[in-house]
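Asker: Take a look at this one; I'll ask things after.
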Amino acid sequence: MAGIFIFSEDRALAAQLLTPALELKAALGEPLTVLALDAAQATELSTLGADKVLVVGDSATWIEGLGEPLAALVAHASVVLVGGTLRGKHLAADVAARLKTGMTTDAKAVRIAGGKLVATRILYAGLAVCDEELPLPAVVTIRARTFLAPTTTTAAAPIEQAVAKADARVTVESVTPTSTAGVDITAASRLIAVGRGFRAKDDLKLAEDLGKVLGAELACTRGIAEDEHWLPIERYIGISGQTVKPELYLAVGLSGQVQHMVGCRESKTIVAINNDERSPIFEAADYGIVGDLYEVLPLLTAALRK
Amino acid sequence: MPNCLVCYKWTLDEQDIKIKSEDLSLDSSRAKGKISDFDRNAIEEAALLVEKLGGAVAALSYGTAAVKQSLKDVLSRGPEKSYWVADASAEQADATVTATVLAAAIRKIGPFDLILLGEGSSDLFNQQTAPRLAALLGLPCLSFVNKLEVEGDVVKATRKLDDSVEVVTVKTPVVISVLSEINKPRIPSLKQVLSAAKKPNQELTVADLGLTPEDLAPKAVRKSVKGFVMQRKNIIFKETAAAANVAKLKESLASLGLS
Ligand SMILES: Cc1cc2nc3c(=O)[nH]c(=O)nc-3n(C[C@H](O)[C@H](O)[C@H](O)COP(=O)(O)OP(=O)(O)OC[C@H]3O[C@@H](n4cnc5c(N)ncnc54)[C@H](O)[C@@H]3O)c2cc1C
Ligand SMILES: Nc1ncnc2c1ncn2[C@@H]1O[C@H](COP(=O)(O)O)[C@@H](O)[C@H]1O
């Protein structure tokens with residue numbers, strides 16, 4: 001069963017994986033198989049260019065435990081693309097180990113050159129970029145929104161059932177969805193990102209007020225979410241947080257360390273407000289004000305309101 | 001009383017790495033070594049478990065000759081003994097090689113009830129080593145753990161995932177990767193630093209471990225490493241009067257249609 005396989009338990013991401021998968025299919029001239037978790041996902045993905053859909057997950061409760069059966073299904077694959085959620089990355093690494101293949105984590109781009117897979121990725125949390133060259137077969141994870149889902153639909157590919165039993169040694173006691181405040185900040189076109197320059201939670205009001213005038217959502221650095229708990233976890237940007245590409249990224253009282261910037265550096269325009277002229281955020285900014293945020297933010301809000 | 005092993009990586013401190021403007025190559029000549037950030041959490045968690053339950057903690061690292069510099073640091077953080085594999089292959093190693101070396105070492109020095117790793121290494125951040133190691137050793141793996149409880153041979157872990165929090169249980173032996181929020185790593189006291197020098201460490205050579213050149217050749221080969229530079233306008237307003245700066249920023253935003 002040579003070919004290209006894709007898998008993601010995240011519906012939207014699975015559809016996005018089809019875009020690079022179709023390019024690989026064209027380059028390698030091999031069939032493309034979608035591994036779907038259930039019948040609904042299978043139907044949804046069957047018309048986006050795949051040659052075949054296999055439903056693997058009906059009996060499975062723990063995605064991470066599917067390594068062994070999935071490795072058997074893709075035993076003769078050339079390329080396996082897995083959606084880079086945390087569950088997906090765990091599963092992909094397990095499959096790669098069983099297949100004794102190389103794997104690129106969170107590729108930004110993939111192509112075939114000289115019979116190998118070349119995947120672009122970051123190193124040192126974003127300080128550097130490199131191409132990783134892998135012999136086939138190769139496993140690659142790709143994060144959400146790296147690619148857009150295909151827009152053209154095709155005739156529905158045949159859907160088949162495959163049996164997959166998850167690792168029974170692990171018992172799932174509970175799964176609690178993280179409560180999101182209903183805002184998907186990755187979809188916002190304008191963001192105001194706050195950092196440790198804010199001295200108290202109440203002071204975030206200054207950023208909120210500006211946000212109202214600008215039509216921007218609040219985002220933050222890891223410390224603000226993970227340590228201070230001033231904003232929900234899903235609002236922090238960076239290597240271990242969200243990746244965003246808004247029209248405007250207004251960074252206030254944040255230093256601009258690489259682990260943060262890697263999540264926002266593809267923003268169209270970056271503006272910084274920071275009282276330390278030597279702060280690295282200014283190198284990453286299109287426009288900046290050197291000044292105390294407690295003075296600048298109210299003035300800016302008032303000026304823009306006019 | 002769990003017998004624990006922590007796998008940690010000795011990496012370059014990325015804050016000391018400079019990007020050369022001529023060719024965007026990386027200059028690591030002034031970069032100091034450090035224990036990879038999240039591995040300090042793995043070490044701390046093992047130390048906390050053993051302080052509470054008894055048992056033992058050993059540490060294991062695979063690196064270039066520089067890995068020897070890590071011994072004192074790691075031993076001052078709790079482990080009683082450290083094992084190290086120093087081989088030039090570590091410079092180019094990918095997760096396939098790293099997991100193969102660690103698995104071979106564990107087969108020799110193990111077995112262990114709990115094998116702890118970090119979520120990802122601070123240089124490669126492959127997030128692959130824990131699941132790969134578990135697959136090679138035939139053990140279950142619990143990844144992205146931010147809370148860990150051990151009672152007898154039952155491990156209960158809270159995993160923090162993209163959109164949910166999951167509680168899972170498993171019997172030892174098990175491989176676990178931890179998130180940084182699981183604990184706050186201690187700053188070793190002078191006494192701990194001094195006692196570290198007296199703790200045993202043992203070198204394992206790749207020959208001892210029966211590893212072949214093929215085992216040590218990476219599958220994922222890193223090419224054309226280039227520093228990432230942002231092309232930004234860098235127009236910075238820094239007059240003493242904040243109002244003047246604000247007025248200029250307003251103008252700039254307006255010119256972009258962003259006001
Ligand atoms: C492995 C790893 C992963 C990480 N992942 C992430 C991640 O995903 N996301 C993330 O954000 N971070 C991450 N970090 C942390 C990251 O390295 C930085 O420590 C963090 O982003 C810094 O947060 P900050 O900018 O809020 O705080 P600081 O670095 O403390 O910066 C505060 C800034 O505010 C300025 N300031 C202070 N007072 C004022 C004032 N009155 N007016 C204006 N400016 C003021 C200061 O000049 C300073 O520049 C990670 C770190 C590691 C090691
Ligand atoms: N060379 C190494 N020696 C020992 N442990 C390692 C090594 N490389 C990675 N690890 C462990 O594997 C984890 C994940 O690394 P990675 O898969 O590279 O992101 C790290 O946090 C370490 O705990």
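Letters A, B, ... go to the chains of the structure tokens in the order shown; residues in each chain start at 1; ligands are counted from 1 in the same order.
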For a quick test of understanding: name the residues of chain A lying within 7 Å of chain B when counting only C-alpha atoms, and present them as an NGL selection string.
Answerer: :A and (85-86 or 90 or 93-94 or 97-98 or 101-103 or 105 or 123-125 or 127-135 or 169-178 or 214 or 282-291 or 296 or 299-300 or 304)
Asker: Using the chain letters and numbers from this document, which residues of stretch 9-53 of chain B does DSSP assign to strand (DSSP E), as a ChimeraX atom specification?
Answerer: /B:10-12,18-19,26-27,33-35
Asker: Any chance you could export the current selection's C-alpha atoms as a compact mmCIF listing (two decimals), in the first residue's frame?
Answerer:
```txt
# COMPACT_ATOMS: atom_id res chain seq x y z
CA TRP B 10 22.93 19.35 27.55
CA THR B 11 22.20 22.13 25.05
CA LEU B 12 23.58 25.49 24.08
CA LYS B 18 24.26 35.32 17.54
CA ILE B 19 23.23 35.51 13.92
CA LEU B 26 24.82 31.01 13.58
CA ASP B 27 27.69 31.98 15.82
CA GLY B 33 25.88 25.02 27.91
CA LYS B 34 22.78 24.44 30.00
CA ILE B 35 20.48 21.62 30.98
```
Asker: Output the neighbourhood of ligand 1 as a ChimeraX atom specification, that is, all protein and nucleic acid residues with some atom at most 7 Å from the ligand, counting only C-alpha atoms and all ligand atoms.
Answerer: /A:194-198,220-224,236-241,252-260,273-276,279,291-294 /B:37-38,122
Asker: Can you pull out every residue within 12 Å of B:Gln192, counting only C-alpha atoms, but drop anything in the same chain fewer than 5 positions away, and send it as a tab-separated table (two decimals) with C-alpha atoms, in the first residue's frame?
Answerer:
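The resulting file, selection-v5.tsv, is shown below:
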```
chain	number	residue	atom	x	y	z
B	72	LYS	CA	27.90	18.50	38.45
B	73	ASP	CA	24.86	20.55	37.57
B	74	VAL	CA	22.55	17.56	37.18
B	75	LEU	CA	23.82	15.82	40.30
B	76	SER	CA	23.24	18.94	42.39
B	77	ARG	CA	19.56	18.79	41.45
B	78	GLY	CA	18.73	15.48	43.16
B	79	PRO	CA	19.85	12.40	41.22
B	80	GLU	CA	22.24	10.08	43.07
B	186	ARG	CA	15.04	24.18	42.73
B	187	ILE	CA	18.09	26.35	42.68
B	197	ALA	CA	31.03	16.40	43.25
B	198	LYS	CA	31.10	13.28	45.43
B	199	LYS	CA	28.27	11.46	43.66
```
Asker: Considering only C-alpha atoms and all ligand atoms, can you say which of B:Glu203, B:Glu91, B:Asp113, B:Asp23 comes closest to ligand 2?
Answerer: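 Result for the nearest residue to ligand 2: B:Glu91.
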Asker: If DSSP is run on the backbone, what residues of stretch 65-194 of chain A are helix (DSSP H, G or I)? A reply as number ranges by chain would be ideal.
Answerer: A: 65-73, 86-99, 124-126, 185-187
Asker: Neighbouring residues of A:Ala193 were defined as those with any atom within 6 Å, considering only C-alpha atoms; residues of the same chain fewer than 2 positions away were excluded. Please report them as an MDAnalysis selection string.
Answerer: chainID A and resid 218:220 250:251
Asker: Would you put the residues from that selection into a file with C-alpha atoms, as an mmCIF file, in the first residue's frame?
Answerer:
```cif
data_model
loop_
_atom_site.group_PDB
_atom_site.id
_atom_site.type_symbol
_atom_site.label_atom_id
_atom_site.label_comp_id
_atom_site.auth_asym_id
_atom_site.auth_seq_id
_atom_site.Cartn_x
_atom_site.Cartn_y
_atom_site.Cartn_z
ATOM 1 C CA LEU A 218 -6.114 40.735 23.826
ATOM 2 C CA ALA A 219 -3.254 38.262 23.600
ATOM 3 C CA CYS A 220 -0.296 37.826 25.950
ATOM 4 C CA LEU A 250 0.541 45.621 19.011
ATOM 5 C CA ALA A 251 3.004 44.413 21.645
#
```
Asker: Pick out the closest residue to A:Ile63 from this set: A:Glu160, A:Asp203, A:Asp167, A:Glu234. Count only C-alpha atoms.
Answerer: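 Looking only at the distances to A:Ile63, the closest residue turns out to be A:Asp167.
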Asker: Within 8 Å of A:Ala225, counting only C-alpha atoms, which residues show up once you throw out same-chain ones fewer than 6 positions away? Write them as number ranges by chain, please.
Answerer: A: 231-233, 235-236
Asker: Find the spatial neighbours of A:Pro150, counting only C-alpha atoms, within a cut-off of 8 Å - ignore same-chain residues fewer than 5 positions away - and output them as a VMD selection string.
Answerer: chain A and resid 15 to 16 18 to 19 48
Asker: Would you put the residues from that selection into a file with N, CA and C atoms, as a PDB file, in the first residue's frame?
Answerer:
```pdb
ATOM      1  N   ALA A  15      -8.309  18.407   7.097  1.00  0.00           N
ATOM      2  CA  ALA A  15      -8.601  18.947   5.761  1.00  0.00           C
ATOM      3  C   ALA A  15      -7.422  19.781   5.258  1.00  0.00           C
ATOM      4  N   GLN A  16      -6.806  20.549   6.166  1.00  0.00           N
ATOM      5  CA  GLN A  16      -5.644  21.367   5.756  1.00  0.00           C
ATOM      6  C   GLN A  16      -4.472  20.487   5.306  1.00  0.00           C
ATOM      7  N   LEU A  18      -4.550  17.963   3.574  1.00  0.00           N
ATOM      8  CA  LEU A  18      -4.720  17.498   2.199  1.00  0.00           C
ATOM      9  C   LEU A  18      -3.990  18.388   1.202  1.00  0.00           C
ATOM     10  N   THR A  19      -3.810  19.659   1.531  1.00  0.00           N
ATOM     11  CA  THR A  19      -3.130  20.563   0.589  1.00  0.00           C
ATOM     12  C   THR A  19      -1.677  20.139   0.337  1.00  0.00           C
ATOM     13  N   LEU A  48     -12.131  15.642  -0.931  1.00  0.00           N
ATOM     14  CA  LEU A  48     -11.113  16.689  -1.035  1.00  0.00           C
ATOM     15  C   LEU A  48      -9.852  16.220  -1.764  1.00  0.00           C
TER      16      LEU A  48
END
```
Asker: Rounded to one decimal place, report the atom CA of B:Ser29-atom CA of B:Ile43 distance in Å.
Answerer: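 For atom CA of B:Ser29 relative to atom CA of B:Ile43, the distance reads 27.8 Å.
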Asker: Quick one: residues within 7 Å of A:Leu99, only C-alpha atoms counted, chain neighbours fewer than 4 positions away excluded, as a CSV table (one decimal) with N, CA and C atoms, in the first residue's frame?
Answerer:
```csv
chain,number,residue,atom,x,y,z
A,71,ALA,N,0.8,2.2,12.7
A,71,ALA,CA,2.1,1.8,12.0
A,71,ALA,C,1.9,0.6,11.1
A,75,ALA,N,2.6,0.8,6.9
A,75,ALA,CA,3.8,0.1,6.9
A,75,ALA,C,4.6,0.4,5.6
A,95,VAL,N,4.6,6.2,15.9
A,95,VAL,CA,4.5,5.5,14.5
A,95,VAL,C,5.9,5.6,13.9
```
Asker: Take atom CA of B:Val57 and atom CA of B:Gly118 and report the distance between them in Å, one decimal.
Answerer: 15.4 Å
Asker: Restricting the calculation to only C-alpha atoms and all ligand atoms, which member of B:Gly55, B:Pro2, B:Pro111, B:Gly63 is positioned closest to ligand 2?
Answerer: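 Of the candidates, the smallest distance to ligand 2 is held by B:Gly63.
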